[in-house]
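Step one of this worksheet: look at the structure below.
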Amino acid sequence: MGDDRHFDVIIIGTGAGGGTIAHRLAPTGKRILILERGDYLPRERDNWESSAVFVKGKYLPAEQWYDKHGDQFQPEVNYYVGGNTKFYGAALFRLRPEDFGELRHQGGVSPAWPIDYQDLEPYYTQAEHLYLVHGRHGEDPTEGPASAQYARPPVEHEPRIEQLSDDLEKQGLHPFHLPIGVDMTQGENGRATHTSACIRCDRVDGFPCLLGAKSDSQVICVDPALQHENVSMITGANVRRLHTDSSGRTVTAVFAELADGTPAEYHGDIVVVACGAVNSAALLLRSADERHPDGLANSSDVVGRHYMRHNNLAVMAVSKEPNDTQFQKTLAMNDWYLGSDDWDYPLGGLQMLGKSDDEQIRGNAPRWAGMSSPDMPFEVMAHHAVDFWLCGEDLPAPDNRVTLDSEGRIHLTLDENNNVEGVRRLQHKLHGMLEDLGMHPHHLMPNLLYLHKSMPIGATAHQAGTVRFGTDPSTSALDVDCKAHDLDNLYVVDTSFFPSIGAVNPSLTAIANALRVGDRIAERLS
């Protein structure tokens with residue numbers, strides 16, 4: 001009888017990276033164990049309640065991280081099957097080809113990747129098809145070539161967003177349909193048909209989907225992977241440490257703490273870490289031993305360093321005409337992604353957020369004191385709100401890093417003024433167009449509620465870069481296949497591997513890379 005705790009592959013984490021690679025490896029027939037720190041997200045009415053999700057932060061973990069001053073903050077991380085994808089907006093962009101090369105910014109240099117766009121392009125296409133992405137290649141002039149069109153047509157704009165798109169085009173700009181992963185079948189005027197899983201509601205962005213219609217990792221990858229008899233999953237398994245053999249070259253044991261507090265030990269021929277950029281780095285640092293005194297995969301001293309999270313601004317404009325849009329997340333624009341006519345450096349991208357509702361506006365009313373007026377009370381403001389997400393590139397500074405204190409608590413050091421001029425200029429561009437876009441020119445307000453009332457450092461949804469890959473073991477932790485330079489059987493497949501983050505949502509790149517690395521591991525197992 002074989003060891004029931006020994007597996008061909010152990011995968012730690014079920015988000016965009018871990019869930020996807022589990023799906024990729026499931027058909028190999030090899031014995032695969034998935035360890036997930038959380039449980040399945042409860043399916044309940046509060047999933048779609050703004051006050052529960054945004055104001056109270058009901059689904060955030062009861063844990064605290066620490067900033068560089070030692071002050072506590074609550075991170076925006078989600079410990080459930082599916083990870084952060086349970087709450088993401090399912091905006092699934094490719095990085096631009098230029099993002100894979102060295103890019104000079106006003107605030108410094110964004111380094112080149114050890115692979116280029118064409119190396120990842122076939123996997124981008126596979127990822128788009130797997131995650132049911134709706135879109136149309138060719139609309140965005142900044143995107144790279146695509147070997148195949150999206151398998152699903154764009155999610156059509158509702159009237160107010162269609163007008164916004166037309167008004168942007170009149171400015172000589174190039175708005176395009178935002179690529180979004182939802183299980184939607186559209187009928188007349190873009191309405192969801194009776195056979196569509198997605199009902200085209202206003203809960204896609206930042207909410208879990210009660211209908212399983214959003215393309216999160218649980219729905220798309222983990223649940224189908226578990227249909228294979230060779231794949232199993234243990235939830236409530238918080239992996240605390242990895243143990244290596246006497247040579248220090250092979251991970252031989254994975255130690256976890258189960259939901260009831262009991263310890264558990266598992267063994268795997270290959271171990272894949274996908275806990276999220278902060279927690280993956282923390283796991284490797286916690287696993288320090290005599291052979292790896294600074295942490296696993298860390299002979300280069302880069303583990304935990306080069307933390308990135310995007311320079312984001314969530315803002316709300318006020319339309320002169322009512323905005324009755326439900327499914328607002330259908331438009332994006334990258335005209336100034338790499339620069340503008342009045343600035344030689346990248347600014348970033350603009351996309352729509354989910355639609356603000358009355359409850360969100362009222363919940364944030366104290367923060368907006370003085371911004372309303374008798375002719376624009378908060379209830380009216382909510383009905384006229386048009387919500388934008390401005391995204392600029394954060395640069396990989398070595399001192400922006402994850403560390404652990406003597407009690408094993410996570411500390412995150414972050415320079416919040418790193419390369420922020422680009423996104424400020426992007427905001428200025430938007431502000432200057434408000435009148436031409438049918439918006440009140442003096443109302444462009446920070447949508448602080450979207451950031452869950454947390455400190456800016458707590459906005460960790462786009463975390464990346466802490467276990468970077470590269471060709472030089474002295475400056476990177478992972479090789480080009482995302483295997484640790486220092487170990488023979490350890491891979492990392494979440495956004496930790498990013499050398500730079502670009503200015504688009506990182507999820508699709510994590511998904512595409514997990515498919516790529518999954519193929520490498522499958523070859524190794526064959």
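Following the order of the structure tokens, first chain is A, next is B, and so on, with residues numbered from 1 inside each chain and ligands from 1 in the order they appear.
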DSSP on the backbone, then: every residue of region 144-201 of chain A marked strand (DSSP E), written as a list in words.
-> Phe176, His177, Ile180 and Gly181 of chain A
Which residues are close to region 420-423 of chain A, i.e. within 8 Å by only C-alpha atoms, leaving aside same-chain residues fewer than 4 positions away? Reply as a PDB file with all heavy atoms, in the first residue's frame.
ATOM      1  N   GLN A 106       9.251  58.084 -16.053  1.00  0.00           N
ATOM      2  CA  GLN A 106       9.722  59.290 -15.402  1.00  0.00           C
ATOM      3  C   GLN A 106      10.362  58.951 -14.057  1.00  0.00           C
ATOM      4  O   GLN A 106      11.318  59.583 -13.632  1.00  0.00           O
ATOM      5  CB  GLN A 106       8.554  60.264 -15.215  1.00  0.00           C
ATOM      6  CG  GLN A 106       8.940  61.644 -14.684  1.00  0.00           C
ATOM      7  CD  GLN A 106       8.834  61.739 -13.169  1.00  0.00           C
ATOM      8  OE1 GLN A 106       8.268  60.845 -12.531  1.00  0.00           O
ATOM      9  NE2 GLN A 106       9.386  62.789 -12.599  1.00  0.00           N
ATOM     10  N   GLY A 107       9.832  57.900 -13.389  1.00  0.00           N
ATOM     11  CA  GLY A 107      10.337  57.538 -12.073  1.00  0.00           C
ATOM     12  C   GLY A 107      11.420  56.478 -12.066  1.00  0.00           C
ATOM     13  O   GLY A 107      11.860  56.046 -10.992  1.00  0.00           O
ATOM     14  N   ASN A 311      -0.006  51.597  -9.503  1.00  0.00           N
ATOM     15  CA  ASN A 311      -0.405  52.907  -9.013  1.00  0.00           C
ATOM     16  C   ASN A 311      -1.827  53.151  -9.524  1.00  0.00           C
ATOM     17  O   ASN A 311      -2.030  53.484 -10.686  1.00  0.00           O
ATOM     18  CB  ASN A 311       0.560  53.986  -9.515  1.00  0.00           C
ATOM     19  CG  ASN A 311       1.931  53.846  -8.874  1.00  0.00           C
ATOM     20  OD1 ASN A 311       2.038  53.541  -7.693  1.00  0.00           O
ATOM     21  ND2 ASN A 311       2.977  54.046  -9.648  1.00  0.00           N
ATOM     22  N   ASN A 312      -2.784  52.940  -8.652  1.00  0.00           N
ATOM     23  CA  ASN A 312      -4.195  52.964  -9.054  1.00  0.00           C
ATOM     24  C   ASN A 312      -4.917  54.194  -8.522  1.00  0.00           C
ATOM     25  O   ASN A 312      -4.617  54.675  -7.426  1.00  0.00           O
ATOM     26  CB  ASN A 312      -4.926  51.731  -8.506  1.00  0.00           C
ATOM     27  CG  ASN A 312      -4.459  50.445  -9.135  1.00  0.00           C
ATOM     28  OD1 ASN A 312      -4.204  50.398 -10.330  1.00  0.00           O
ATOM     29  ND2 ASN A 312      -4.359  49.395  -8.337  1.00  0.00           N
ATOM     30  N   LEU A 313      -5.857  54.667  -9.291  1.00  0.00           N
ATOM     31  CA  LEU A 313      -6.803  55.674  -8.830  1.00  0.00           C
ATOM     32  C   LEU A 313      -8.200  55.224  -9.240  1.00  0.00           C
ATOM     33  O   LEU A 313      -8.447  54.976 -10.420  1.00  0.00           O
ATOM     34  CB  LEU A 313      -6.514  57.045  -9.463  1.00  0.00           C
ATOM     35  CG  LEU A 313      -5.299  57.822  -8.956  1.00  0.00           C
ATOM     36  CD1 LEU A 313      -5.095  59.066  -9.816  1.00  0.00           C
ATOM     37  CD2 LEU A 313      -5.474  58.207  -7.492  1.00  0.00           C
ATOM     38  N   TYR A 345       6.845  59.813 -21.347  1.00  0.00           N
ATOM     39  CA  TYR A 345       6.862  58.618 -20.506  1.00  0.00           C
ATOM     40  C   TYR A 345       5.464  57.984 -20.443  1.00  0.00           C
ATOM     41  O   TYR A 345       4.466  58.656 -20.673  1.00  0.00           O
ATOM     42  CB  TYR A 345       7.327  58.964 -19.087  1.00  0.00           C
ATOM     43  CG  TYR A 345       8.693  59.587 -19.031  1.00  0.00           C
ATOM     44  CD1 TYR A 345       8.846  60.948 -18.782  1.00  0.00           C
ATOM     45  CD2 TYR A 345       9.841  58.829 -19.234  1.00  0.00           C
ATOM     46  CE1 TYR A 345      10.107  61.535 -18.717  1.00  0.00           C
ATOM     47  CE2 TYR A 345      11.105  59.391 -19.180  1.00  0.00           C
ATOM     48  CZ  TYR A 345      11.226  60.753 -18.921  1.00  0.00           C
ATOM     49  OH  TYR A 345      12.480  61.314 -18.868  1.00  0.00           O
ATOM     50  N   PRO A 346       5.395  56.700 -20.104  1.00  0.00           N
ATOM     51  CA  PRO A 346       4.089  56.034 -20.002  1.00  0.00           C
ATOM     52  C   PRO A 346       3.202  56.662 -18.933  1.00  0.00           C
ATOM     53  O   PRO A 346       3.681  57.051 -17.858  1.00  0.00           O
ATOM     54  CB  PRO A 346       4.454  54.593 -19.631  1.00  0.00           C
ATOM     55  CG  PRO A 346       5.857  54.409 -20.131  1.00  0.00           C
ATOM     56  CD  PRO A 346       6.519  55.735 -19.935  1.00  0.00           C
ATOM     57  N   LEU A 347       1.907  56.779 -19.253  1.00  0.00           N
ATOM     58  CA  LEU A 347       0.922  57.254 -18.284  1.00  0.00           C
ATOM     59  C   LEU A 347       0.152  56.081 -17.675  1.00  0.00           C
ATOM     60  O   LEU A 347      -0.070  56.042 -16.469  1.00  0.00           O
ATOM     61  CB  LEU A 347      -0.072  58.228 -18.935  1.00  0.00           C
ATOM     62  CG  LEU A 347       0.388  59.674 -19.132  1.00  0.00           C
ATOM     63  CD1 LEU A 347       1.425  59.780 -20.242  1.00  0.00           C
ATOM     64  CD2 LEU A 347      -0.801  60.582 -19.449  1.00  0.00           C
ATOM     65  N   GLY A 348      -0.284  55.144 -18.511  1.00  0.00           N
ATOM     66  CA  GLY A 348      -1.057  54.005 -18.034  1.00  0.00           C
ATOM     67  C   GLY A 348      -2.367  53.880 -18.778  1.00  0.00           C
ATOM     68  O   GLY A 348      -2.562  54.483 -19.838  1.00  0.00           O
ATOM     69  N   LEU A 390      -8.099  54.114 -13.026  1.00  0.00           N
ATOM     70  CA  LEU A 390      -6.893  54.572 -13.707  1.00  0.00           C
ATOM     71  C   LEU A 390      -5.721  53.767 -13.172  1.00  0.00           C
ATOM     72  O   LEU A 390      -5.536  53.665 -11.945  1.00  0.00           O
ATOM     73  CB  LEU A 390      -6.665  56.064 -13.453  1.00  0.00           C
ATOM     74  CG  LEU A 390      -7.505  57.072 -14.243  1.00  0.00           C
ATOM     75  CD1 LEU A 390      -8.994  56.857 -14.026  1.00  0.00           C
ATOM     76  CD2 LEU A 390      -7.139  58.500 -13.849  1.00  0.00           C
ATOM     77  N   CYS A 391      -4.944  53.198 -14.057  1.00  0.00           N
ATOM     78  CA  CYS A 391      -3.903  52.250 -13.644  1.00  0.00           C
ATOM     79  C   CYS A 391      -2.563  52.628 -14.261  1.00  0.00           C
ATOM     80  O   CYS A 391      -2.422  52.684 -15.479  1.00  0.00           O
ATOM     81  CB  CYS A 391      -4.293  50.838 -14.079  1.00  0.00           C
ATOM     82  SG  CYS A 391      -3.191  49.557 -13.461  1.00  0.00           S
ATOM     83  N   GLY A 392      -1.582  52.928 -13.417  1.00  0.00           N
ATOM     84  CA  GLY A 392      -0.227  53.218 -13.863  1.00  0.00           C
ATOM     85  C   GLY A 392       0.736  52.186 -13.334  1.00  0.00           C
ATOM     86  O   GLY A 392       0.427  51.424 -12.406  1.00  0.00           O
ATOM     87  N   ASP A 394       3.711  50.553 -11.364  1.00  0.00           N
ATOM     88  CA  ASP A 394       4.566  50.622 -10.181  1.00  0.00           C
ATOM     89  C   ASP A 394       5.897  49.970 -10.564  1.00  0.00           C
ATOM     90  O   ASP A 394       5.916  48.937 -11.246  1.00  0.00           O
ATOM     91  CB  ASP A 394       3.893  49.865  -9.037  1.00  0.00           C
ATOM     92  CG  ASP A 394       4.603  50.010  -7.709  1.00  0.00           C
ATOM     93  OD1 ASP A 394       5.388  50.955  -7.541  1.00  0.00           O
ATOM     94  OD2 ASP A 394       4.361  49.166  -6.817  1.00  0.00           O
ATOM     95  N   GLN A 427      -5.018  61.110 -14.735  1.00  0.00           N
ATOM     96  CA  GLN A 427      -6.172  61.716 -14.084  1.00  0.00           C
ATOM     97  C   GLN A 427      -6.427  63.122 -14.635  1.00  0.00           C
ATOM     98  O   GLN A 427      -7.572  63.509 -14.868  1.00  0.00           O
ATOM     99  CB  GLN A 427      -5.955  61.781 -12.572  1.00  0.00           C
ATOM    100  CG  GLN A 427      -7.134  62.369 -11.810  1.00  0.00           C
ATOM    101  CD  GLN A 427      -6.852  62.499 -10.322  1.00  0.00           C
ATOM    102  OE1 GLN A 427      -5.694  62.548  -9.901  1.00  0.00           O
ATOM    103  NE2 GLN A 427      -7.887  62.539  -9.520  1.00  0.00           N
TER     104      GLN A 427
END
Residues within 10 Å of Thr252 (chain A), only C-alpha atoms, excluding chain neighbours under 4 positions, as a ChimeraX atom specification = /A:6,242-246,248,266-271,489
Write a file of the just-selected residues containing all heavy atoms, as a compact mmCIF listing (two decimals), in the first residue's frame.
# COMPACT_ATOMS: atom_id res chain seq x y z
N HIS A 6 1.74 11.00 0.00
CA HIS A 6 2.76 11.30 -1.02
C HIS A 6 2.07 11.49 -2.37
O HIS A 6 1.24 10.67 -2.79
CB HIS A 6 3.81 10.19 -1.12
CG HIS A 6 4.94 10.57 -2.02
ND1 HIS A 6 6.09 11.13 -1.55
CD2 HIS A 6 5.07 10.50 -3.37
CE1 HIS A 6 6.90 11.40 -2.57
NE2 HIS A 6 6.30 11.01 -3.69
N LEU A 242 8.04 24.76 4.22
CA LEU A 242 8.54 23.71 3.32
C LEU A 242 9.85 23.20 3.88
O LEU A 242 10.68 23.98 4.35
CB LEU A 242 8.74 24.26 1.91
CG LEU A 242 7.54 24.97 1.26
CD1 LEU A 242 7.91 25.48 -0.13
CD2 LEU A 242 6.34 24.04 1.18
N HIS A 243 10.05 21.89 3.79
CA HIS A 243 11.25 21.26 4.33
C HIS A 243 12.05 20.62 3.19
O HIS A 243 11.48 20.03 2.28
CB HIS A 243 10.87 20.19 5.35
CG HIS A 243 12.03 19.47 5.96
ND1 HIS A 243 12.86 20.04 6.90
CD2 HIS A 243 12.51 18.22 5.74
CE1 HIS A 243 13.79 19.19 7.25
NE2 HIS A 243 13.61 18.07 6.56
N THR A 244 13.37 20.78 3.23
CA THR A 244 14.22 20.20 2.19
C THR A 244 15.03 19.03 2.74
O THR A 244 15.17 18.85 3.96
CB THR A 244 15.19 21.25 1.62
OG1 THR A 244 16.08 21.70 2.65
CG2 THR A 244 14.43 22.45 1.07
N ASP A 245 15.59 18.26 1.80
CA ASP A 245 16.45 17.14 2.20
C ASP A 245 17.82 17.65 2.63
O ASP A 245 18.08 18.86 2.64
CB ASP A 245 16.55 16.12 1.07
CG ASP A 245 17.24 16.68 -0.18
OD1 ASP A 245 17.74 17.82 -0.14
OD2 ASP A 245 17.27 15.96 -1.20
N SER A 246 18.71 16.72 2.97
CA SER A 246 20.02 17.11 3.51
C SER A 246 20.87 17.87 2.50
O SER A 246 21.73 18.66 2.87
CB SER A 246 20.77 15.86 3.99
OG SER A 246 20.93 14.93 2.91
N GLY A 248 19.65 20.06 0.46
CA GLY A 248 19.06 21.38 0.28
C GLY A 248 18.54 21.62 -1.12
O GLY A 248 18.05 22.72 -1.43
N TYR A 266 2.71 16.65 4.28
CA TYR A 266 2.48 16.05 2.97
C TYR A 266 3.80 16.01 2.21
O TYR A 266 4.69 16.83 2.44
CB TYR A 266 1.44 16.85 2.18
CG TYR A 266 0.17 17.08 2.95
CD1 TYR A 266 -0.05 18.27 3.64
CD2 TYR A 266 -0.83 16.10 3.01
CE1 TYR A 266 -1.21 18.49 4.37
CE2 TYR A 266 -2.00 16.31 3.74
CZ TYR A 266 -2.18 17.50 4.42
OH TYR A 266 -3.31 17.71 5.15
N HIS A 267 3.89 15.04 1.29
CA HIS A 267 5.12 14.86 0.52
C HIS A 267 4.79 14.85 -0.97
O HIS A 267 3.80 14.25 -1.39
CB HIS A 267 5.81 13.55 0.91
CG HIS A 267 6.07 13.44 2.39
ND1 HIS A 267 7.23 13.90 2.96
CD2 HIS A 267 5.31 12.94 3.40
CE1 HIS A 267 7.18 13.70 4.28
NE2 HIS A 267 6.03 13.11 4.56
N GLY A 268 5.62 15.53 -1.75
CA GLY A 268 5.38 15.57 -3.18
C GLY A 268 6.68 15.58 -3.97
O GLY A 268 7.69 16.13 -3.51
N ASP A 269 6.65 14.95 -5.15
CA ASP A 269 7.82 14.97 -6.02
C ASP A 269 8.07 16.37 -6.58
O ASP A 269 9.21 16.76 -6.80
CB ASP A 269 7.65 13.97 -7.17
CG ASP A 269 7.58 12.54 -6.67
OD1 ASP A 269 8.15 12.25 -5.60
OD2 ASP A 269 6.93 11.71 -7.34
N ILE A 270 6.99 17.09 -6.83
CA ILE A 270 7.07 18.48 -7.29
C ILE A 270 6.14 19.31 -6.41
O ILE A 270 5.02 18.90 -6.13
CB ILE A 270 6.66 18.60 -8.78
CG1 ILE A 270 7.70 17.92 -9.66
CG2 ILE A 270 6.48 20.06 -9.19
CD1 ILE A 270 7.31 17.85 -11.13
N VAL A 271 6.63 20.48 -6.00
CA VAL A 271 5.84 21.39 -5.17
C VAL A 271 5.67 22.71 -5.92
O VAL A 271 6.65 23.31 -6.38
CB VAL A 271 6.49 21.62 -3.80
CG1 VAL A 271 5.71 22.67 -2.99
CG2 VAL A 271 6.59 20.31 -3.03
N ASN A 489 12.86 20.94 -7.49
CA ASN A 489 11.45 20.53 -7.62
C ASN A 489 10.47 21.58 -7.10
O ASN A 489 9.33 21.26 -6.80
CB ASN A 489 11.21 19.19 -6.92
CG ASN A 489 11.33 19.29 -5.40
OD1 ASN A 489 12.04 20.16 -4.89
ND2 ASN A 489 10.66 18.40 -4.69
Sort by chain and increasing residue number a table of all residues of region 70-148 of chain A within 8 Å of region 206-221 of chain A, each with its closest pair of atoms and their distance in Å to one decimal, counting only C-alpha atoms, and write it as a Markdown table.
| residue | atom | partner | partner_atom | distance |
| --- | --- | --- | --- | --- |
| A:Val81 | CA | A:Gln218 | CA | 5.9 |
| A:Gly82 | CA | A:Gln218 | CA | 4.4 |
| A:Gly83 | CA | A:Ser217 | CA | 7.5 |
| A:Thr85 | CA | A:Asp216 | CA | 5.0 |
| A:Lys86 | CA | A:Pro208 | CA | 5.2 |
| A:Phe87 | CA | A:Gly206 | CA | 4.7 |
| A:Tyr88 | CA | A:Gly206 | CA | 5.4 |
| A:Gly89 | CA | A:Gly206 | CA | 5.8 |
| A:Ala90 | CA | A:Ser215 | CA | 6.6 |
| A:Leu130 | CA | A:Ile220 | CA | 7.4 |
| A:Tyr131 | CA | A:Ser215 | CA | 5.6 |
| A:Leu132 | CA | A:Ser215 | CA | 6.8 |
Nearest candidate to Thr330 (chain A) (options A:Arg200, A:Arg291, A:Arg424, A:Arg524; using only C-alpha atoms) |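 Between A:Arg200, A:Arg291, A:Arg424, A:Arg524, the residue approaching Thr330 (chain A) most closely is A:Arg200.
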Polymer residues at most 9 Å from Pro27 (chain A), only C-alpha atoms, same-chain spacing of 2 or more positions, as a PDB file with N, CA and C atoms, in the first residue's frame:
ATOM      1  N   HIS A  23      -5.719  22.718 -13.142  1.00  0.00           N
ATOM      2  CA  HIS A  23      -6.549  22.361 -14.297  1.00  0.00           C
ATOM      3  C   HIS A  23      -5.692  21.811 -15.421  1.00  0.00           C
ATOM      4  N   ARG A  24      -4.534  22.413 -15.632  1.00  0.00           N
ATOM      5  CA  ARG A  24      -3.653  21.975 -16.713  1.00  0.00           C
ATOM      6  C   ARG A  24      -3.084  20.594 -16.451  1.00  0.00           C
ATOM      7  N   LEU A  25      -2.755  20.312 -15.188  1.00  0.00           N
ATOM      8  CA  LEU A  25      -2.094  19.044 -14.865  1.00  0.00           C
ATOM      9  C   LEU A  25      -3.077  17.908 -14.580  1.00  0.00           C
ATOM     10  N   GLY A  29      -3.133  12.403 -15.242  1.00  0.00           N
ATOM     11  CA  GLY A  29      -3.330  11.175 -14.476  1.00  0.00           C
ATOM     12  C   GLY A  29      -2.425  11.061 -13.272  1.00  0.00           C
ATOM     13  N   LYS A  30      -1.522  12.001 -13.088  1.00  0.00           N
ATOM     14  CA  LYS A  30      -0.625  11.972 -11.937  1.00  0.00           C
ATOM     15  C   LYS A  30      -1.384  12.353 -10.664  1.00  0.00           C
ATOM     16  N   ALA A 225     -11.084  20.463 -12.322  1.00  0.00           N
ATOM     17  CA  ALA A 225      -9.920  19.619 -12.015  1.00  0.00           C
ATOM     18  C   ALA A 225     -10.290  18.528 -11.019  1.00  0.00           C
ATOM     19  N   HIS A 228     -11.467  14.929 -11.834  1.00  0.00           N
ATOM     20  CA  HIS A 228     -10.497  13.873 -12.137  1.00  0.00           C
ATOM     21  C   HIS A 228     -10.193  13.096 -10.853  1.00  0.00           C
ATOM     22  N   ASN A 230      -7.686  11.546  -9.950  1.00  0.00           N
ATOM     23  CA  ASN A 230      -6.308  11.671  -9.475  1.00  0.00           C
ATOM     24  C   ASN A 230      -6.044  12.990  -8.751  1.00  0.00           C
TER      25      ASN A 230
END
Rank nothing, just name the residue among A:Leu430, A:Asn513, A:Leu296, A:Gln351 nearest to Leu487 (chain A), using only C-alpha atoms.
-> A:Leu296
Going by DSSP on the backbone, which bits of region 59-89 of chain A are helix (DSSP H, G or I)? Write them as a PyMOL selection string, please.
-> chain A and resi 83-86
Selection export as an mmCIF file, in the first residue's frame, atoms kept: N, CA, C and O atoms:
data_model
loop_
_atom_site.group_PDB
_atom_site.id
_atom_site.type_symbol
_atom_site.label_atom_id
_atom_site.label_comp_id
_atom_site.auth_asym_id
_atom_site.auth_seq_id
_atom_site.Cartn_x
_atom_site.Cartn_y
_atom_site.Cartn_z
ATOM 1 N N GLY A 83 -9.219 31.930 -4.500
ATOM 2 C CA GLY A 83 -8.363 33.038 -4.112
ATOM 3 C C GLY A 83 -8.974 34.396 -4.413
ATOM 4 O O GLY A 83 -10.193 34.593 -4.315
ATOM 5 N N ASN A 84 -8.113 35.329 -4.796
ATOM 6 C CA ASN A 84 -8.580 36.689 -5.077
ATOM 7 C C ASN A 84 -9.484 36.768 -6.304
ATOM 8 O O ASN A 84 -10.198 37.762 -6.486
ATOM 9 N N THR A 85 -9.469 35.730 -7.151
ATOM 10 C CA THR A 85 -10.339 35.787 -8.334
ATOM 11 C C THR A 85 -11.814 35.718 -7.961
ATOM 12 O O THR A 85 -12.669 36.061 -8.777
ATOM 13 N N LYS A 86 -12.136 35.298 -6.755
ATOM 14 C CA LYS A 86 -13.543 35.292 -6.342
ATOM 15 C C LYS A 86 -14.101 36.715 -6.314
ATOM 16 O O LYS A 86 -15.308 36.908 -6.489
#
Tell me, in Å to one decimal, how far CA of Pro145 (chain A) is from CA of Tyr124 (chain A).
-> 10.8 Å
Find, counting only C-alpha atoms, the residue in A:Lys68, A:His411, A:His306, A:Arg191 that gets nearest to Pro398 (chain A).
->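 Ranked by minimum distance to Pro398 (chain A), first place goes to A:His306.
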Within 6 Å of Gly295 (chain A) using only C-alpha atoms, minus same-chain residues under 5 positions, as a list in words | Leu284, Leu285, Ser287 and Ala288 of chain A
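Closest approach to Gly502 (chain A) from the set A:Glu139, A:Glu49, A:Asp99, A:Asp67 is made by A:Asp99, with distances taken over only C-alpha atoms.
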Point-to-point distance from CA of Ala503 (chain A) to CA of Glu162 (chain A), Å rounded to tenths =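 That distance, rounded to one decimal, is 24.1 Å.
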What is the CA of Leu173 (chain A)-CA of Asp335 (chain A) distance in Å, reported with one decimal?
->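 Atom-to-atom, CA of Leu173 (chain A) and CA of Asp335 (chain A) are spaced 6.5 Å apart.
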Using only C-alpha atoms, which of the listed residues (A:Glu158, A:Asp399, A:Asp116, A:Asp260) sits closest to Glu102 (chain A)?
-> A:Asp116
Which residue of A:Val9, A:Ile21, A:Ile180, A:Val493 approaches Val480 (chain A) most closely, using only C-alpha atoms =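 Ranking A:Val9, A:Ile21, A:Ile180, A:Val493 by distance to Val480 (chain A), first place goes to A:Val493.
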